[in-house]
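To keep things clear, I will list the structure first and then write my remarks on it.
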Amino acid sequence: MSLPLGVHGWQLLCGEVAPDRIVDLREPEAFARAHLDGAENIPYRLIQAETHRLDPAASLLLVDPGGARAAEMATWLRARGFDAAFLEGGYAAWTGPLARPRRRSTRRDVP
């Protein structure tokens, strides 16, 4: 089943749309702060050069801050035979949970 070009957050949350891979197009620093669970990071500036890392048989959901760059890259990838989609509105419209790194405690427990 092919993904629609634009995917709404609620479609992911309820399982109506289930891409094989989620690709976060933000820079590594932003990705490290928080991202969609299971997402991998390939920055927008590198995605065209890194298409060899993408499986043309896998469905891809691209995510960025507002959706515009992800839409551009999803369209570009579709023109090259990929089943690519983008998250409508990007992270700005996402209302679901995010994976966040665990913070190390800097506080020392004193007996």
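By convention here, the chains of the structure tokens are called A, B, ... in the order presented, each chain's residues are numbered starting at 1, and ligands are numbered starting at 1 in the order presented.
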**Q.** Contacts of range 70-76 of chain A at 12 Å (only C-alpha atoms; same-chain gap of 4+ positions) as a ChimeraX atom specification
**A.** /A:3-7,22-26,42-49,51,59-66,80-91
Q: DSSP on the backbone, then: every residue of chain A marked alpha helix (DSSP H), written as a ChimeraX atom specification.
A: /A:9-13,28-33,44-47,68-78,90-93
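Restricting the calculation to only C-alpha atoms, the smallest distance between Glu40 in chain A and any of A:Arg21, A:Asp55, A:Glu27, A:Arg102 is found for A:Arg21.
Between CA of Ala92 in chain A and CA of Gly67 in chain A the interatomic distance comes to 8.4 Å.
Nearest to His35 in chain A of all the residues A:Gly9, A:Gly15, A:Pro56, A:Pro97 is A:Pro97, based on only C-alpha atoms.
Atom pair CA of Pro19 in chain A / CA of Arg100 in chain A has a distance of 20.7 Å (rounded to one decimal).
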Within chain A, find each residue whose DSSP state, derived from the backbone, is strand (DSSP E), and express the selection as a short mmCIF file (atom, residue, chain, number, x, y, z; two decimals) with C-alpha atoms, in the first residue's frame.
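So out_7.cif came out as:
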```cif
data_model
loop_
_atom_site.label_atom_id
_atom_site.label_comp_id
_atom_site.auth_asym_id
_atom_site.auth_seq_id
_atom_site.Cartn_x
_atom_site.Cartn_y
_atom_site.Cartn_z
CA GLY A 6 0.73 14.26 2.90
CA VAL A 7 0.17 12.43 6.18
CA ARG A 21 10.78 4.28 8.05
CA ILE A 22 10.58 7.78 9.49
CA VAL A 23 13.31 10.18 8.39
CA ASP A 24 13.83 13.38 10.37
CA GLU A 40 16.36 8.26 11.99
CA ASN A 41 18.19 11.47 11.23
CA SER A 59 7.65 3.48 2.63
CA LEU A 60 9.24 6.66 3.99
CA LEU A 61 7.75 9.44 6.09
CA LEU A 62 9.81 12.64 6.07
CA VAL A 63 9.51 15.07 8.98
CA ASP A 83 7.12 5.66 -1.73
CA ALA A 84 7.71 8.88 0.21
CA ALA A 85 5.36 11.07 2.22
CA PHE A 86 5.68 14.05 4.55
CA LEU A 87 4.11 14.92 7.88
#
```
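Atom pair CA of Gln11 in chain A / CA of Ala58 in chain A: separated by 18.2 Å.
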